[in-house]
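A quick write-up on the structure given underneath.
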Amino acid sequence: MLRILINALRTGVVTTGYPAQPSVPPERFRGAPVFRSGSHLPSPAVCPTGAISEQFDAGHRHVALDLARCVFCGRCAEDPWAGAITMGREFELAARLRDDLRIEVVDDNAAVSATRAAPDLQAERASSEIQRVLGRSLHLRHLDAGSCNACDWELTALLNPVYDVRRLGIDFVASPRHADGVVVTGPVTRNLETAARRTVEAIPEPRLVIAVGACAASGGIVGEGYASAGGVDKVLPVDVYIPGCPPRPEAIIFGILVALGRLDARRATPM
Amino acid sequence: MADPALMDALRECVGGSLDAEVGPRPSDLTLRLARTGDLPAAAAVLVGAHSMALATVVATDETATPEGDLKVRYVFEPAAAGAPDRFVTLLISVDAAHPEVPSLTTAIAAANWHEREMRDLFGIVPVGHPDPRSLVVHDGWPQGVFPLRKAFDGSRRVPVEDAPEFPHLAAEGEGVFEIPVGPIHAGIIEPGHFRFSSVGETVLHLDARLFYTHRGLEKRMEGLSPLDAFYIAERICGVCSVAHGLGYCEAIEQIAGVNAPSRARLIRSIALELERLYNHVGDLGNICAGASFHYGTATGARLKERLQQMNERIAGNRFLRGLVIPGGVRLDLPQELLGVLAAALKDTLAGIDGLMGRIEANPSVVDRLDDTGVLRHQAAVDLAVTGVAARASGVDRDARREHPHGAFALPGPPELHVATGSEGDVMARVKVRALEARESIRLIGEFIRRLEPGPLRVALAGPLPGARIGISAIESARGEAVHWLRTDALGRVERYHLRSPSYHNWPAVALAAETAIVPDFPLVNKSFELCYSCTDR
Ligand code: SF4
């Protein structure tokens, strides 16, 4: 026992200061891809998850990136597109609206800017209500709806001594009846659809549904298929989408705080 | 080719001439059985006198080819320590109009799930299989629809309909209780349903139902360029990202006839050991959680977090995704990163020693781990159990030695010290895991010492050669994973199958749980530390 105490004292405090202090990911970290308007952007076929799409209109090629689908593999930023796309280090990507995760770039004309989605007033109102009711303390249930377990391990990491989200008033509970909301991972498999619905229905209102990671946010690499719904919002209404494959723990903390209205969500911005 | 005694014995059981060829790899052998009825005898020869183990079973739909049939390949591998790197495949043709094969399960227990899976996904009926229940497709799945048949369009959702309750296997008798747990669990863990039959606290029987996370990934990969499908293979399982990415790459590289450069192989093996290390260290902590030893839990979590932060520095991803790539590796390990890595490993080694010291010096923890959740040696052999679970029950097998991959396939590879135990209880699995974590640290040092400047990848431009098979076996943190990949005439993925280590280990958890009490189940389960996602796919 004494040894344990001595070891604990010697280890000291290992907890991060995020979000009060910013977190700077390491140099090689692959965050949101940055598309350079006016450069030669790749064809959608380069992206293994279909995160890149194109549209032609009036002689212009519009190339769009869907951050909810992106698995941050870095393939589109490799040669020969290395100049047109770079992997940025931005990871605080959570958004309330699925559309806010769609970034549009016009390939051959840098001057034309993308349109910006109008703020959804109803979502804003709901969020201020949630902030009022749940703002300071949030109890979440985890719901694995068919993930590869990477997002789940990052949720577990939120409770480790480094991230320790309890310091932010956030905790995970064993029963949906005790929860204010749910963090869902995975694309919602056919075999879990009923269990997923029942779990969410068991959470008292008002409740938050947070889709964690590419599979939950959009279907990710799984997409829609005989065994998969292709994303949580195909089955249940989603309040916040957190991109990433998996999102790093700080990105999940950011998303949860966005859901609570304690931080501002990412907004589709004109480029 | 193969040893003459084996060939003679097989010739005898098929009654005459043997249709044998070399393949998929030059050291492998494929035997085509003209009569499906000869399968049980031929399989018995392999697992009996020639002490082989079932490695994987792969069904394919070839109804659109001139042969117009379904095929099943039963792939075996030697079970002895240090046996030559070889797979022996028994290949049978199945009539698509009457898709029936003799079941091997009563003789070879490891065939159980493989046979139920091919019945669900291909409609191939294992005649004589003792368990008629579905495995992969769950309640309300439409009758007569087999998702891995080529004619089935897998890209649309199949609606969920109300269905009668799944018939769980439960013990009956006075004072026997049924305890249902899951599929959604109380903690942050993967989904599965466990049905305990217990008398008081003692577990009489455990019926585990999995495949809740079945995403149809094998079907999803079909028709894609193997290079595009890589990103799916790398994401079948979070904590096996390196192992599965690597196994898939080795299968592609075999098909393409290319060799990853030696610097790439060393970096791949460093990544594979880093993956084993963060898993094992985290698992030691999680086992402490099962024994309510919170200091151990926090220490394991902290050590694991340190390693995952290291992963992010090396690969740009905390699960090391994006490092291994078909043809080699995407990123180099420059000198300054190696320095940081060495420091992290040094701390980790000290941390493991400290944690193990505290576990072993704590009688209340030791008492929970000793003699709990015993997996007997013979059961481990019969179920073809793999990885830590097998080695802790005295099965001396490790795919890094048995099927050399990564840097172990280079000339003059470093020696691998395979840790084994004999008790087969939670404590044995804890000790084997700690020894393996230390061995991983030592091996990473060895690999780093061998790094020479050189190319990181060979060009692998599509399309790949058509109608070829690649097979590989990788020692992941959970044990041996077997990858089987075949390209179609245009070089696209025609069929991919992953037999994950957990696929063979899950039935062993149920057996081990039957030596425990209900409150010890989380502890037993964590000591096996199995993946659901790579089992369910
Ligand atoms: S980084 Fe994202 S957008 Fe680029 S190829 Fe990968 S998944 Fe697609």
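A note on labels: chains of the structure tokens are A, B, ... as shown, every chain counts residues from 1, and ligands are counted from 1 in their shown order.
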
>> Set the cut-off to 6 Å and count only C-alpha atoms: what are the residues of chain A that reach chain B? Output as a PyMOL selection string.
In response: chain A and resi 26+28-30+48+73+142+146+148-150+160+174+189+191-192+225-228

>> Which residues are near B:Ile179? Cut-off 10 Å, only C-alpha atoms, ignore same chain within fewer than 5 positions. Put them as an NGL selection string.
In response: :B and (170 or 194-198 or 203 or 206 or 518)

> Got a sec to tell me which of stretch 26-209 of chain A DSSP assigns to strand (DSSP E), as a PyMOL selection string?
Replying inline: chain A and resi 33-35+52-57+60-66+85-87+102-106+138-144+170-172+181-185+208-209

> Neighbours of ligand 1 within 6 Å, counting only C-alpha atoms and all ligand atoms, as a PyMOL selection string?
Replying inline: chain A and resi 46-49+51-52+70-76

Just write the chosen residues, N, CA and C atoms, as a PDB file, in the first residue's frame.
```pdb
ATOM      1  N   VAL A  46     -10.082   8.837 -56.008  1.00  0.00           N
ATOM      2  CA  VAL A  46      -8.903   8.661 -55.162  1.00  0.00           C
ATOM      3  C   VAL A  46      -9.286   8.332 -53.717  1.00  0.00           C
ATOM      4  N   CYS A  47     -10.471   8.784 -53.312  1.00  0.00           N
ATOM      5  CA  CYS A  47     -10.824   8.650 -51.897  1.00  0.00           C
ATOM      6  C   CYS A  47     -11.499   7.307 -51.624  1.00  0.00           C
ATOM      7  N   PRO A  48     -10.954   6.519 -50.719  1.00  0.00           N
ATOM      8  CA  PRO A  48     -11.512   5.187 -50.485  1.00  0.00           C
ATOM      9  C   PRO A  48     -12.884   5.195 -49.811  1.00  0.00           C
ATOM     10  N   THR A  49     -13.299   6.321 -49.241  1.00  0.00           N
ATOM     11  CA  THR A  49     -14.596   6.316 -48.563  1.00  0.00           C
ATOM     12  C   THR A  49     -15.635   7.178 -49.261  1.00  0.00           C
ATOM     13  N   ALA A  51     -15.386  10.447 -49.722  1.00  0.00           N
ATOM     14  CA  ALA A  51     -15.507  11.749 -49.057  1.00  0.00           C
ATOM     15  C   ALA A  51     -15.356  12.889 -50.041  1.00  0.00           C
ATOM     16  N   ILE A  52     -14.780  12.593 -51.196  1.00  0.00           N
ATOM     17  CA  ILE A  52     -14.582  13.642 -52.200  1.00  0.00           C
ATOM     18  C   ILE A  52     -15.625  13.446 -53.297  1.00  0.00           C
ATOM     19  N   CYS A  70     -14.636  11.439 -44.257  1.00  0.00           N
ATOM     20  CA  CYS A  70     -13.177  11.328 -44.353  1.00  0.00           C
ATOM     21  C   CYS A  70     -12.631  10.429 -43.242  1.00  0.00           C
ATOM     22  N   VAL A  71     -11.707   9.532 -43.607  1.00  0.00           N
ATOM     23  CA  VAL A  71     -11.054   8.712 -42.578  1.00  0.00           C
ATOM     24  C   VAL A  71      -9.605   9.171 -42.365  1.00  0.00           C
ATOM     25  N   PHE A  72      -9.258  10.331 -42.939  1.00  0.00           N
ATOM     26  CA  PHE A  72      -7.973  10.963 -42.668  1.00  0.00           C
ATOM     27  C   PHE A  72      -6.806  10.036 -43.016  1.00  0.00           C
ATOM     28  N   CYS A  73      -6.967   9.336 -44.147  1.00  0.00           N
ATOM     29  CA  CYS A  73      -5.942   8.372 -44.546  1.00  0.00           C
ATOM     30  C   CYS A  73      -4.774   9.064 -45.219  1.00  0.00           C
ATOM     31  N   GLY A  74      -4.999  10.273 -45.742  1.00  0.00           N
ATOM     32  CA  GLY A  74      -3.899  11.009 -46.355  1.00  0.00           C
ATOM     33  C   GLY A  74      -3.644  10.656 -47.815  1.00  0.00           C
ATOM     34  N   ARG A  75      -4.454   9.775 -48.390  1.00  0.00           N
ATOM     35  CA  ARG A  75      -4.189   9.334 -49.752  1.00  0.00           C
ATOM     36  C   ARG A  75      -4.332  10.485 -50.753  1.00  0.00           C
ATOM     37  N   CYS A  76      -5.329  11.352 -50.529  1.00  0.00           N
ATOM     38  CA  CYS A  76      -5.561  12.436 -51.491  1.00  0.00           C
ATOM     39  C   CYS A  76      -4.471  13.497 -51.404  1.00  0.00           C
TER      40      CYS A  76
END
```

> Could you work out how far atom CA of B:Asn525 lies from atom CA of B:Ala513, giving the answer in Å with one decimal?
Replying inline: 7.9 Å

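In this structure, atom CA of B:Ile441 sits 27.7 Å away from atom CA of B:Glu253.
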